[in-house]
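Structure file data.cif (mmCIF, C-alpha atoms (C1' of nucleotides)) is printed below.
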```cif
data_query
#
loop_
_atom_site.label_atom_id
_atom_site.label_comp_id
_atom_site.auth_asym_id
_atom_site.auth_seq_id
_atom_site.Cartn_x
_atom_site.Cartn_y
_atom_site.Cartn_z
CA MET A 8 141.11 23.46 103.14
CA GLY A 9 142.42 25.74 105.83
CA GLU A 10 145.51 23.98 107.13
CA ARG A 11 148.76 25.29 105.74
CA LYS A 12 151.64 23.03 104.93
CA PRO A 13 153.96 23.28 107.95
CA LYS A 14 156.84 25.59 107.17
CA ARG A 15 160.35 25.62 108.43
CA ALA A 16 160.79 26.90 111.97
CA ASP A 17 162.70 30.04 111.00
CA ALA A 18 160.04 30.86 108.42
CA ARG A 19 157.27 30.72 111.00
CA ARG A 20 159.32 32.82 113.36
CA ASN A 21 159.98 35.43 110.69
CA GLU A 22 156.35 35.63 109.74
CA LYS A 23 155.38 36.50 113.28
CA THR A 24 158.27 38.96 113.62
CA LEU A 25 157.14 40.63 110.42
CA LEU A 26 153.53 40.94 111.54
CA ASP A 27 154.61 42.50 114.82
CA ALA A 28 157.01 44.87 113.11
CA ALA A 29 154.41 45.88 110.54
CA ALA A 30 151.82 46.57 113.21
CA ALA A 31 154.31 48.70 115.12
CA VAL A 32 155.38 50.64 112.03
CA PHE A 33 151.76 51.16 110.94
CA VAL A 34 151.06 52.77 114.29
CA ALA A 35 154.21 54.85 114.27
CA SER A 36 154.44 55.91 110.63
CA GLY A 37 151.04 55.11 109.16
CA VAL A 38 149.77 52.32 106.97
CA ASP A 39 151.54 53.73 103.93
CA ALA A 40 154.97 53.46 105.50
CA PRO A 41 157.65 52.15 103.13
CA VAL A 42 158.08 48.40 102.98
CA ARG A 43 161.78 48.86 103.62
CA GLU A 44 160.99 50.46 106.95
CA ILE A 45 159.06 47.40 108.03
CA ALA A 46 161.79 45.06 106.84
CA ALA A 47 164.36 47.10 108.74
CA LYS A 48 162.25 47.15 111.91
CA ALA A 49 161.91 43.38 111.69
CA GLY A 50 165.63 43.00 110.98
CA VAL A 51 164.88 41.10 107.82
CA GLY A 52 165.71 41.40 104.12
CA MET A 53 163.37 42.49 101.35
CA GLY A 54 163.17 38.98 99.94
CA THR A 55 161.83 37.62 103.18
CA ILE A 56 159.04 40.11 103.51
CA TYR A 57 157.89 39.54 99.94
CA ARG A 58 157.94 35.76 100.20
CA HIS A 59 155.65 35.86 103.21
CA PHE A 60 153.41 38.62 101.89
CA PRO A 61 153.51 38.72 98.10
CA THR A 62 152.35 42.31 98.05
CA ARG A 63 152.04 45.27 100.34
CA ALA A 64 148.30 44.80 100.46
CA ASP A 65 148.64 41.22 101.74
CA LEU A 66 150.71 42.45 104.65
CA ILE A 67 148.11 45.07 105.52
CA ILE A 68 145.36 42.47 105.34
CA ALA A 69 147.28 40.13 107.62
CA VAL A 70 147.85 42.85 110.19
CA PHE A 71 144.21 43.92 110.37
CA ARG A 72 142.55 40.57 109.78
CA HIS A 73 141.55 40.13 113.42
CA GLN A 74 140.00 43.55 113.72
CA VAL A 75 138.03 43.06 110.53
CA ASP A 76 136.80 39.74 111.84
CA ALA A 77 135.72 41.39 115.07
CA CYS A 78 133.81 43.96 113.08
CA VAL A 79 132.12 41.26 111.07
CA ALA A 80 131.12 39.46 114.25
CA ALA A 81 129.77 42.64 115.79
CA GLY A 82 127.11 43.01 113.12
CA PRO A 83 124.75 40.18 114.06
CA ALA A 84 125.46 40.79 117.73
CA LEU A 85 124.30 44.40 117.51
CA LEU A 86 121.28 43.38 115.52
CA ALA A 87 120.31 40.89 118.21
CA ALA A 88 120.97 43.28 121.07
CA ASN A 89 118.99 46.19 119.68
CA GLU A 90 115.29 46.76 119.55
CA SER A 91 115.78 49.01 116.51
CA PRO A 92 117.70 47.69 113.49
CA PHE A 93 118.53 51.27 112.59
CA ARG A 94 120.30 51.78 115.89
CA ALA A 95 122.17 48.54 115.35
CA LEU A 96 123.26 49.79 111.94
CA ALA A 97 124.30 53.16 113.32
CA GLN A 98 126.31 51.56 116.09
CA TRP A 99 127.96 49.12 113.73
CA VAL A 100 128.96 51.91 111.38
CA ASP A 101 130.37 53.86 114.32
CA ARG A 102 132.40 50.86 115.28
CA TYR A 103 133.77 50.51 111.77
CA VAL A 104 134.63 54.20 111.65
CA ASP A 105 136.45 53.95 114.96
CA PHE A 106 138.48 51.08 113.56
CA VAL A 107 139.40 52.79 110.31
CA VAL A 108 140.04 56.23 111.72
CA THR A 109 142.48 55.03 114.34
CA LYS A 110 144.77 53.42 111.76
CA HIS A 111 146.78 56.22 110.21
CA GLY A 112 146.13 56.34 106.51
CA LEU A 113 144.19 53.09 106.28
CA ALA A 114 141.18 54.76 104.76
CA GLY A 115 143.36 56.36 102.12
CA VAL A 116 145.00 53.10 101.16
CA LEU A 117 141.62 51.39 101.11
CA GLN A 118 140.17 53.66 98.47
CA SER A 119 143.29 54.36 96.48
CA ASP A 120 143.09 52.97 92.98
CA GLN A 121 146.82 52.37 92.96
CA ALA A 122 147.93 49.09 91.46
CA GLY A 123 148.21 46.27 93.98
CA THR A 124 145.48 47.64 96.22
CA GLU A 125 142.69 45.65 94.60
CA THR A 126 143.37 42.69 96.89
CA LEU A 127 143.03 44.85 99.97
CA HIS A 128 139.92 46.56 98.73
CA ALA A 129 138.37 43.26 97.76
CA TYR A 130 139.11 41.75 101.16
CA PHE A 131 137.38 44.51 103.08
CA VAL A 132 134.44 44.51 100.70
CA ASP A 133 134.02 40.75 100.77
CA ARG A 134 134.04 40.59 104.53
CA LEU A 135 132.07 43.66 105.44
CA VAL A 136 129.49 44.13 102.72
CA PRO A 137 127.44 41.06 103.65
CA VAL A 138 127.25 42.22 107.25
CA CYS A 139 126.26 45.69 106.16
CA ALA A 140 123.64 44.21 103.86
CA GLU A 141 122.07 42.32 106.73
CA LEU A 142 121.81 45.40 108.93
CA LEU A 143 120.62 47.54 106.07
CA ASP A 144 117.93 45.09 105.02
CA ALA A 145 116.69 44.77 108.58
CA ALA A 146 116.41 48.53 108.95
CA VAL A 147 114.60 48.83 105.65
CA ALA A 148 112.27 45.99 106.57
CA ALA A 149 111.49 47.77 109.85
CA GLY A 150 110.64 50.85 107.85
CA GLU A 151 113.24 52.91 109.64
CA ILE A 152 115.25 54.03 106.63
CA ARG A 153 114.76 54.60 102.94
CA ALA A 154 115.15 51.67 100.57
CA GLY A 155 117.43 51.54 97.55
CA VAL A 156 120.80 52.11 99.15
CA GLN A 157 123.24 49.36 98.23
CA PRO A 158 125.44 47.94 101.01
CA LEU A 159 128.55 48.40 98.90
CA GLU A 160 127.69 52.03 98.36
CA LEU A 161 127.21 52.68 102.04
CA MET A 162 130.47 50.94 102.98
CA ARG A 163 132.45 52.86 100.40
CA GLY A 164 130.82 56.10 101.38
CA VAL A 165 131.63 55.58 105.04
CA GLY A 166 135.16 54.51 104.20
CA ASN A 167 135.65 57.54 102.00
CA LEU A 168 134.42 59.89 104.70
CA CYS A 169 137.15 58.55 106.97
CA ILE A 170 139.95 59.64 104.65
CA GLY A 171 142.16 62.29 106.13
CA ALA A 172 140.45 62.20 109.50
CA ASP A 173 143.79 61.41 111.13
CA THR A 174 145.77 64.25 109.61
CA ASP A 175 143.39 67.19 109.91
CA PRO A 176 141.95 67.97 113.34
CA ARG A 177 139.38 70.28 111.74
CA TYR A 178 137.85 67.34 109.93
CA ASP A 179 135.63 65.13 112.07
CA ALA A 180 134.85 61.97 110.13
CA ARG A 181 132.57 60.59 112.85
CA LYS A 182 130.39 63.66 112.65
CA LEU A 183 130.03 63.46 108.88
CA VAL A 184 129.31 59.76 108.96
CA GLY A 185 126.66 60.56 111.54
CA ILE A 186 125.10 63.01 109.13
CA LEU A 187 125.25 60.48 106.32
CA VAL A 188 123.55 57.84 108.43
CA ALA A 189 120.96 60.38 109.55
CA GLY A 190 120.34 61.03 105.87
CA LEU A 191 119.26 57.44 105.44
CA ARG A 192 116.24 58.12 107.60
CA CYS A 193 114.87 60.95 105.50
CA GLY A 194 113.03 60.07 102.34
CA THR A 195 114.53 60.82 98.97
CA MET A 196 115.88 64.32 98.86
CA ASP A 197 113.38 66.77 97.42
CA ALA A 198 115.77 69.06 95.57
CA MET B 19 149.12 93.49 91.38
CA GLY B 20 147.82 90.93 88.93
CA GLU B 21 149.77 91.66 85.76
CA ARG B 22 152.62 89.26 85.13
CA LYS B 23 155.92 90.42 83.76
CA PRO B 24 155.71 89.77 80.00
CA LYS B 25 157.61 86.62 79.09
CA ARG B 26 159.36 85.64 75.95
CA ALA B 27 157.16 84.59 73.06
CA ASP B 28 158.25 80.93 73.05
CA ALA B 29 157.63 80.74 76.78
CA ARG B 30 154.07 81.98 76.42
CA ARG B 31 153.50 79.56 73.58
CA ASN B 32 154.85 76.63 75.60
CA GLU B 33 152.71 77.51 78.58
CA LYS B 34 149.58 77.31 76.49
CA THR B 35 150.76 74.13 74.76
CA LEU B 36 151.38 72.58 78.16
CA LEU B 37 147.97 73.52 79.51
CA ASP B 38 146.28 72.02 76.47
CA ALA B 39 148.38 68.87 76.63
CA ALA B 40 147.73 68.49 80.35
CA ALA B 41 143.99 68.90 79.91
CA ALA B 42 144.00 66.28 77.16
CA VAL B 43 146.09 63.82 79.17
CA PHE B 44 143.95 64.34 82.28
CA VAL B 45 140.90 63.37 80.27
CA ALA B 46 142.59 60.42 78.60
CA SER B 47 144.66 59.01 81.47
CA GLY B 48 143.33 60.67 84.59
CA VAL B 49 144.56 63.49 86.74
CA ASP B 50 147.28 61.31 88.24
CA ALA B 51 148.94 60.66 84.88
CA PRO B 52 152.75 60.83 84.98
CA VAL B 53 154.28 64.24 84.37
CA ARG B 54 156.45 62.71 81.66
CA GLU B 55 153.36 61.76 79.72
CA ILE B 56 152.20 65.37 79.68
CA ALA B 57 155.64 66.62 78.68
CA ALA B 58 155.74 64.08 75.85
CA LYS B 59 152.25 64.97 74.66
CA ALA B 60 153.27 68.63 74.58
CA GLY B 61 156.53 67.77 72.84
CA VAL B 62 158.49 69.50 75.57
CA GLY B 63 161.28 68.58 77.99
CA MET B 64 160.92 68.04 81.71
CA GLY B 65 162.71 71.27 82.52
CA THR B 66 160.14 73.30 80.64
CA ILE B 67 157.15 71.82 82.38
CA TYR B 68 158.69 72.39 85.80
CA ARG B 69 159.69 75.98 85.11
CA HIS B 70 156.15 76.88 84.14
CA PHE B 71 154.50 74.82 86.86
CA PRO B 72 156.87 74.33 89.79
CA THR B 73 154.97 71.28 90.96
CA ARG B 74 152.44 68.80 89.69
CA ALA B 75 149.78 70.42 91.84
CA ASP B 76 150.34 73.82 90.20
CA LEU B 77 149.68 72.31 86.80
CA ILE B 78 146.47 70.72 88.02
CA ILE B 79 145.36 74.01 89.53
CA ALA B 80 146.07 75.86 86.29
CA VAL B 81 144.07 73.36 84.25
CA PHE B 82 141.00 73.50 86.47
CA ARG B 83 141.16 77.13 87.55
CA HIS B 84 138.34 78.25 85.28
CA GLN B 85 135.98 75.52 86.38
CA VAL B 86 136.67 76.27 90.02
CA ASP B 87 136.00 79.93 89.37
CA ALA B 88 132.72 79.04 87.70
CA CYS B 89 131.76 76.99 90.73
CA VAL B 90 132.62 79.86 93.03
CA ALA B 91 130.49 82.20 90.96
CA ALA B 92 127.58 79.78 90.95
CA GLY B 93 127.18 79.98 94.71
CA PRO B 94 125.77 83.50 95.11
CA ALA B 95 123.82 83.07 91.87
CA LEU B 96 122.01 80.00 93.15
CA LEU B 97 121.36 81.71 96.46
CA ALA B 98 119.77 84.64 94.68
CA ALA B 99 117.74 82.48 92.32
CA ASN B 100 116.27 80.20 94.95
CA GLU B 101 113.48 80.78 97.38
CA SER B 102 115.03 78.19 99.71
CA PRO B 103 118.69 78.51 100.74
CA PHE B 104 118.76 74.78 101.34
CA ARG B 105 117.83 74.11 97.75
CA ALA B 106 120.52 76.53 96.65
CA LEU B 107 123.03 74.65 98.78
CA ALA B 108 121.91 71.29 97.44
CA GLN B 109 122.15 72.47 93.86
CA TRP B 110 125.53 74.02 94.41
CA VAL B 111 126.87 70.82 95.95
CA ASP B 112 125.47 68.85 93.01
CA ARG B 113 127.27 71.15 90.67
CA TYR B 114 130.53 70.68 92.53
CA VAL B 115 130.10 66.93 92.52
CA ASP B 116 129.46 66.95 88.78
CA PHE B 117 132.67 68.87 88.32
CA VAL B 118 134.83 66.64 90.48
CA VAL B 119 133.36 63.33 89.39
CA THR B 120 133.90 63.97 85.71
CA LYS B 121 137.66 64.50 86.14
CA HIS B 122 139.22 61.07 86.45
CA GLY B 123 140.99 60.79 89.76
CA LEU B 124 140.70 64.44 90.73
CA ALA B 125 138.92 63.63 93.97
CA GLY B 126 141.64 61.18 94.88
CA VAL B 127 144.43 63.65 94.26
CA LEU B 128 142.52 66.31 96.17
CA GLN B 129 142.40 64.30 99.38
CA SER B 130 145.70 62.50 99.08
CA ASP B 131 148.12 63.50 101.81
CA GLN B 132 151.04 62.93 99.46
CA ALA B 133 153.78 65.53 99.58
CA GLY B 134 153.28 68.36 97.12
CA THR B 135 149.51 68.13 97.19
CA GLU B 136 149.09 70.73 99.93
CA THR B 137 149.06 73.56 97.39
CA LEU B 138 146.26 71.94 95.42
CA HIS B 139 144.26 71.15 98.50
CA ALA B 140 144.73 74.66 99.83
CA TYR B 141 143.63 76.20 96.54
CA PHE B 142 140.36 74.32 96.42
CA VAL B 143 139.68 75.00 100.08
CA ASP B 144 140.49 78.68 99.85
CA ARG B 145 138.25 79.21 96.88
CA LEU B 146 135.31 77.00 97.73
CA VAL B 147 134.97 77.06 101.49
CA PRO B 148 133.86 80.72 101.68
CA VAL B 149 131.14 80.06 99.11
CA CYS B 150 130.03 76.97 100.97
CA ALA B 151 130.00 78.93 104.20
CA GLU B 152 127.67 81.51 102.71
CA LEU B 153 125.20 78.92 101.51
CA LEU B 154 125.43 76.95 104.72
CA ASP B 155 124.88 80.00 106.90
CA ALA B 156 121.89 81.06 104.86
CA ALA B 157 120.29 77.64 105.16
CA VAL B 158 120.92 77.57 108.89
CA ALA B 159 119.54 81.06 109.28
CA ALA B 160 116.41 79.99 107.41
CA GLY B 161 116.07 77.11 109.86
CA GLU B 162 116.21 74.56 107.08
CA ILE B 163 119.19 72.56 108.32
CA ARG B 164 120.94 71.78 111.55
CA ALA B 165 123.59 74.17 112.84
CA GLY B 166 127.13 73.26 113.79
CA VAL B 167 128.42 71.85 110.53
CA GLN B 168 131.60 73.58 109.43
CA PRO B 169 131.92 74.54 105.76
CA LEU B 170 135.34 72.91 105.54
CA GLU B 171 133.92 69.70 106.90
CA LEU B 172 131.12 69.62 104.40
CA MET B 173 133.43 70.35 101.47
CA ARG B 174 135.85 67.65 102.49
CA GLY B 175 133.06 65.20 103.10
CA VAL B 176 131.56 65.85 99.69
CA GLY B 177 134.97 65.66 98.04
CA ASN B 178 135.74 62.40 99.81
CA LEU B 179 132.47 60.87 98.72
CA CYS B 180 133.47 61.53 95.12
CA ILE B 181 136.59 59.38 95.33
CA GLY B 182 136.46 56.35 93.10
CA ALA B 183 133.18 57.33 91.51
CA ASP B 184 134.83 57.22 88.11
CA THR B 185 136.34 53.75 88.41
CA ASP B 186 133.50 51.75 89.94
CA PRO B 187 130.11 51.86 88.22
CA ARG B 188 128.52 50.30 91.30
CA TYR B 189 129.42 53.34 93.35
CA ASP B 190 127.19 56.35 92.79
CA ALA B 191 128.78 59.37 94.43
CA ARG B 192 125.89 61.67 93.57
CA LYS B 193 123.48 59.43 95.39
CA LEU B 194 125.59 59.33 98.53
CA VAL B 195 126.19 63.04 98.51
CA GLY B 196 122.43 63.40 98.20
CA ILE B 197 122.01 61.30 101.33
CA LEU B 198 124.64 63.33 103.15
CA VAL B 199 122.92 66.57 102.25
CA ALA B 200 119.58 65.11 103.25
CA GLY B 201 121.19 64.28 106.58
CA LEU B 202 121.77 67.97 107.18
CA ARG B 203 118.03 68.49 107.41
CA CYS B 204 117.46 66.00 110.18
CA GLY B 205 118.32 67.05 113.70
CA THR B 206 121.27 65.50 115.48
CA MET B 207 121.24 61.76 115.15
CA ASP B 208 119.54 60.04 118.07
CA ALA B 209 121.71 56.95 118.32
"C1'" DT C 8 178.05 12.90 113.34
"C1'" DA C 9 178.41 14.13 108.47
"C1'" DA C 10 176.45 14.93 104.16
"C1'" DC C 11 172.69 16.51 101.43
"C1'" DT C 12 168.76 19.25 99.57
"C1'" DA C 13 164.54 21.69 99.61
"C1'" DT C 14 163.46 25.74 101.84
"C1'" DA C 15 164.28 30.29 103.17
"C1'" DC C 16 167.12 34.35 103.38
"C1'" DG C 17 169.56 39.03 102.16
"C1'" DG C 18 169.99 42.77 99.60
"C1'" DA C 19 171.40 44.45 95.08
"C1'" DA C 20 168.94 45.59 90.98
"C1'" DC C 21 164.81 46.98 88.28
"C1'" DA C 22 160.90 49.86 86.84
"C1'" DC C 23 158.37 53.71 87.83
"C1'" DT C 24 157.31 57.84 90.20
"C1'" DG C 25 158.12 63.40 91.08
"C1'" DT C 26 161.73 66.71 90.97
"C1'" DT C 27 166.30 69.09 90.27
"C1'" DC C 28 170.29 70.55 87.75
"C1'" DC C 29 173.10 72.36 84.30
"C1'" DG C 30 175.11 72.86 79.64
"C1'" DC C 31 173.13 74.38 75.37
"C1'" DT C 32 169.85 77.14 72.43
"C1'" DT C 33 167.46 81.13 71.09
"C1'" DG C 34 164.34 85.31 71.14
"C1'" DG C 35 164.63 90.06 71.24
"C1'" DC C 36 167.32 93.99 71.47
"C1'" DA C 37 171.44 97.35 70.53
"C1'" DT D 11 175.39 91.33 63.31
"C1'" DG D 12 176.46 90.25 67.81
"C1'" DC D 13 175.21 89.72 72.44
"C1'" DC D 14 173.18 87.51 76.66
"C1'" DA D 15 169.49 86.80 79.82
"C1'" DA D 16 165.58 83.95 79.42
"C1'" DG D 17 164.30 79.62 78.19
"C1'" DC D 18 164.94 74.77 76.95
"C1'" DG D 19 165.97 69.49 76.95
"C1'" DG D 20 166.80 65.56 79.12
"C1'" DA D 21 170.10 63.14 81.99
"C1'" DA D 22 170.48 62.38 86.78
"C1'" DC D 23 168.71 62.06 91.66
"C1'" DA D 24 165.87 60.36 95.40
"C1'" DG D 25 162.16 57.57 96.92
"C1'" DT D 26 158.62 54.19 95.94
"C1'" DG D 27 157.00 48.83 95.30
"C1'" DT D 28 158.69 44.58 93.52
"C1'" DT D 29 161.76 40.86 91.49
"C1'" DC D 30 165.80 37.96 91.18
"C1'" DC D 31 169.34 35.01 92.35
"C1'" DG D 32 173.52 33.55 94.79
"C1'" DT D 33 174.13 32.08 99.55
"C1'" DA D 34 172.99 30.08 104.08
"C1'" DT D 35 170.59 26.83 106.78
"C1'" DA D 36 166.80 23.64 108.95
"C1'" DG D 37 165.63 19.19 108.93
"C1'" DT D 38 166.28 14.73 107.22
"C1'" DT D 39 168.78 10.70 106.02
"C1'" DA D 40 172.95 7.61 105.91
#
```
Represent the structure from my file as C-alpha cells, please.
Amino acid sequence: MGERKPKRADARRNEKTLLDAAAAVFVASGVDAPVREIAAKAGVGMGTIYRHFPTRADLIIAVFRHQVDACVAAGPALLAANESPFRALAQWVDRYVDFVVTKHGLAGVLQSDQAGTETLHAYFVDRLVPVCAELLDAAVAAGEIRAGVQPLELMRGVGNLCIGADTDPRYDARKLVGILVAGLRCGTMDA
Amino acid sequence: MGERKPKRADARRNEKTLLDAAAAVFVASGVDAPVREIAAKAGVGMGTIYRHFPTRADLIIAVFRHQVDACVAAGPALLAANESPFRALAQWVDRYVDFVVTKHGLAGVLQSDQAGTETLHAYFVDRLVPVCAELLDAAVAAGEIRAGVQPLELMRGVGNLCIGADTDPRYDARKLVGILVAGLRCGTMDA
DNA sequence: TAACTATACGGAACACTGTTCCGCTTGGCA
DNA sequence: TGCCAAGCGGAACAGTGTTCCGTATAGTTA
C-alpha cells in the first residue's frame, strides 16, 4: 500500500495546480472560500476539481496535510526536549493553536457539523489525538496536571477556542487556550 | 418607547404561531433547521415568516429572548447570594453553558461568521457581556482570580467550548468549561 | 504516422440553502 | 356594504456544494 497507480501527465499537473490554487485562495479568502473560486484560480473546470478531490474536505486535508504531519512530529520531539512533560504539552498546544489560527476559518470548518466535514474532522482527530494522548499521559504520570481529561476532549476544546480568532481582534484565542491549559494544573474545580 | 404599534389580529396570531413552530423545530431539528421547515410547521408562507422576522437571526433571538433575559437576571442574584464572587461567576457560567448546550446547534450558529448572524451575535454579546463583566470584576476585586481577562473573551471562549457538545457524546463541554474557569484562578501560565 | 481507447476534462445542471418580490386576500373601519 | 392598507403565499433569485455526461486528449499500438 502507499503507491498510487501512475496517472496521466495532465492529471498529475492539474492536481498540483489545484493544490497551489487552493492554498492561495485559502490564504486570500479563507478556508471556506467557494469551490468555484478555487477552480477559477486554477483555470480548471468543476469536474476536474471534484475528480481529484471528491469533496471539499478532501481538498482541505490535502492542502494542510504537511502542516498536520509537522505538528504530529513535534509532539515526541517536545517531550524529549523538555524536562517537564507539562511544558512540552503547553508548547505543543501553542504550536497547534498557531497553526489553526493562522488559517482563516479553518477552526470553524473543523468543528462545523455540516455534511461532508466528517472526513476532515476525522483526519485531524486521527492524526493529532494520539500525540496529544502521549503528552497528556506523560504530564499526568509526572503529577503535573489533573487526571481524567481525555485527549479528544482537550483537542476539541483547543480547536473550539480558536474559532473566530481571525475575524475579531478583541478575541485572543492564544490567551484563552493558555487559561485552559493552566486549568489543567489545578485540581478539580471546587464550585 | 417600548410599545409596538398594534398590528392586525391575524398578524399577531401568526407571530405567535411562528414562535411556537420555531421553538418546536429548533428542538426537533436543531437551531440551524431550514427556514422553510419552520414555515411549513407553522402552516405559513415564506413571506409571512420574513415580514415578522426580517432574518433568520431575528427569529432565533425572539425564540430565546426569555432564556437570555433569565440568564442576565441570574448574574446579580448569584453575586448577592454567594460569599465568594468566584463561585458566583462559576455558577453563572455553568448556567449559561446549560442553556446553550441544550439547544441543538445554538453554539455553532452563535459563533458562525456567516452573513446575517451578526445580529444574533451582537444580541447575545450586548446582553451577557455586561453581566459577565460585573461578576468578573467582583472576583478580581476579591483577589480570587487573575486580572486581565476581558468579559467578551470569556463569553466567547465559553460559547466556543459549547460547540458540538450536543452531537458528540465523547465531548463534555461542561467539563472543559470547568477547566477553563479553574484556569482563571491560577496566575499567568509559566510556560 | 495514423488510428484507437481509457482517461481526464469542462461546465451546464441539480439540490439545497437564505432571502426578496409582487399579485392576491382579508381584517377592520366608514 | 364597500373600501384599502396591512398582511399573506409561494414562485423566483442568488449563492452554496456536488453530480453528470458529451467532448477532448495522452499514451499506446499497428
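Distances from D:DG20, D:DG32, D:DG12, D:DG25 to chain B were compared using only C-alpha atoms (C1' of nucleotides), and the smallest one belongs to D:DG20.
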Closest contacts (region 114-145 of chain B/region 177-190 of chain B, max 7 Å, all atoms listed in the file) as a Markdown table:
```
| residue | atom | partner | partner_atom | distance |
| --- | --- | --- | --- | --- |
| B:Val115 | CA | B:Cys180 | CA | 6.9 |
| B:Val119 | CA | B:Cys180 | CA | 6.0 |
| B:His122 | CA | B:Asp184 | CA | 6.1 |
| B:Ala125 | CA | B:Ile181 | CA | 5.0 |
| B:Gly126 | CA | B:Ile181 | CA | 5.4 |
| B:Gln129 | CA | B:Asn178 | CA | 6.9 |
```
Keeping only C-alpha atoms, write the selected residues as a PDB file, keeping the file's coordinate frame.
```pdb
ATOM      1  CA  VAL B 115     130.100  66.930  92.520  1.00  0.00           C
ATOM      2  CA  VAL B 119     133.360  63.330  89.390  1.00  0.00           C
ATOM      3  CA  HIS B 122     139.220  61.070  86.450  1.00  0.00           C
ATOM      4  CA  ALA B 125     138.920  63.630  93.970  1.00  0.00           C
ATOM      5  CA  GLY B 126     141.640  61.180  94.880  1.00  0.00           C
ATOM      6  CA  GLN B 129     142.400  64.300  99.380  1.00  0.00           C
TER       7      GLN B 129
END
```
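Take CA of Ala80 (chain A) and CA of Leu26 (chain A): the distance between them is 22.6 Å.
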Hey, could you make a per-residue contact list for chain B against chain A with 6 Å as the cut-off, showing the nearest pair of atoms and its distance in Å to one decimal, counting only C-alpha atoms, sorted by chain and number, as JSON lines?
```
{"residue": "B:Arg105", "atom": "CA", "partner": "A:Ala198", "partner_atom": "CA", "distance": 5.9}
{"residue": "B:Glu171", "atom": "CA", "partner": "A:Tyr178", "partner_atom": "CA", "distance": 5.5}
{"residue": "B:Gly175", "atom": "CA", "partner": "A:Leu168", "partner_atom": "CA", "distance": 5.7}
{"residue": "B:Asn178", "atom": "CA", "partner": "A:Asn167", "partner_atom": "CA", "distance": 5.3}
{"residue": "B:Leu179", "atom": "CA", "partner": "A:Asn167", "partner_atom": "CA", "distance": 5.7}
{"residue": "B:Tyr189", "atom": "CA", "partner": "A:Glu160", "partner_atom": "CA", "distance": 5.5}
{"residue": "B:Ile197", "atom": "CA", "partner": "A:Gly190", "partner_atom": "CA", "distance": 4.8}
{"residue": "B:Leu198", "atom": "CA", "partner": "A:Leu187", "partner_atom": "CA", "distance": 4.3}
{"residue": "B:Ala200", "atom": "CA", "partner": "A:Gly190", "partner_atom": "CA", "distance": 4.9}
{"residue": "B:Gly201", "atom": "CA", "partner": "A:Gly190", "partner_atom": "CA", "distance": 3.4}
{"residue": "B:Met207", "atom": "CA", "partner": "A:Ala189", "partner_atom": "CA", "distance": 5.8}
{"residue": "B:Ala209", "atom": "CA", "partner": "A:Arg94", "partner_atom": "CA", "distance": 5.9}
```
Quiz item: Just so the selection is clear, what residues does the PyMOL selection byres ((chain C) within 9 of (chain B)) cover here, as a ChimeraX atom specification?
Solution: /C:24-27,34-35
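Contacts from chain D to chain B at a cut-off of 10 Å (all atoms listed in the file) map to DA16, DG17, DC18, DG19 and DG20 of chain D.
For the atom pair formed by CA of Ala46 (chain A) and C1' of DA34 (chain D), the distance is 18.9 Å, given to one decimal.
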Build an axis-aligned box that encloses every atom of region 100-103 of chain B listed in the file, pad it by 3 Å on each side, and report its centre and edge lengths in Å to one decimal, as AutoDock Vina command-line options.
```
--center_x 116.1 --center_y 79.5 --center_z 97.8 --size_x 11.2 --size_y 8.6 --size_z 11.8
```
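Our summary of the geometry notes that CA of His73 (chain A) is positioned 16.6 Å from CA of Phe60 (chain A).
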Practice problem: Pick out the residues sitting within 10 Å of Pro92 (chain A), and hand them over as a VMD selection string; count only C-alpha atoms (C1' of nucleotides), and ignore anything fewer than 5 positions along from it in its own chain. | Solution: chain A and resid 85 to 87 97 to 98 141 to 152
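Residues matching the PyMOL selection byres ((chain C and resi 20) around 9) in this structure come to C:DA19, C:DC21, D:DT29, D:DC30.
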Quiz item: Which residues match the PyMOL selection byres ((chain D and resi 39) around 10) in the file above, as a ChimeraX atom specification?
Solution: /C:10-11 /D:37-38,40
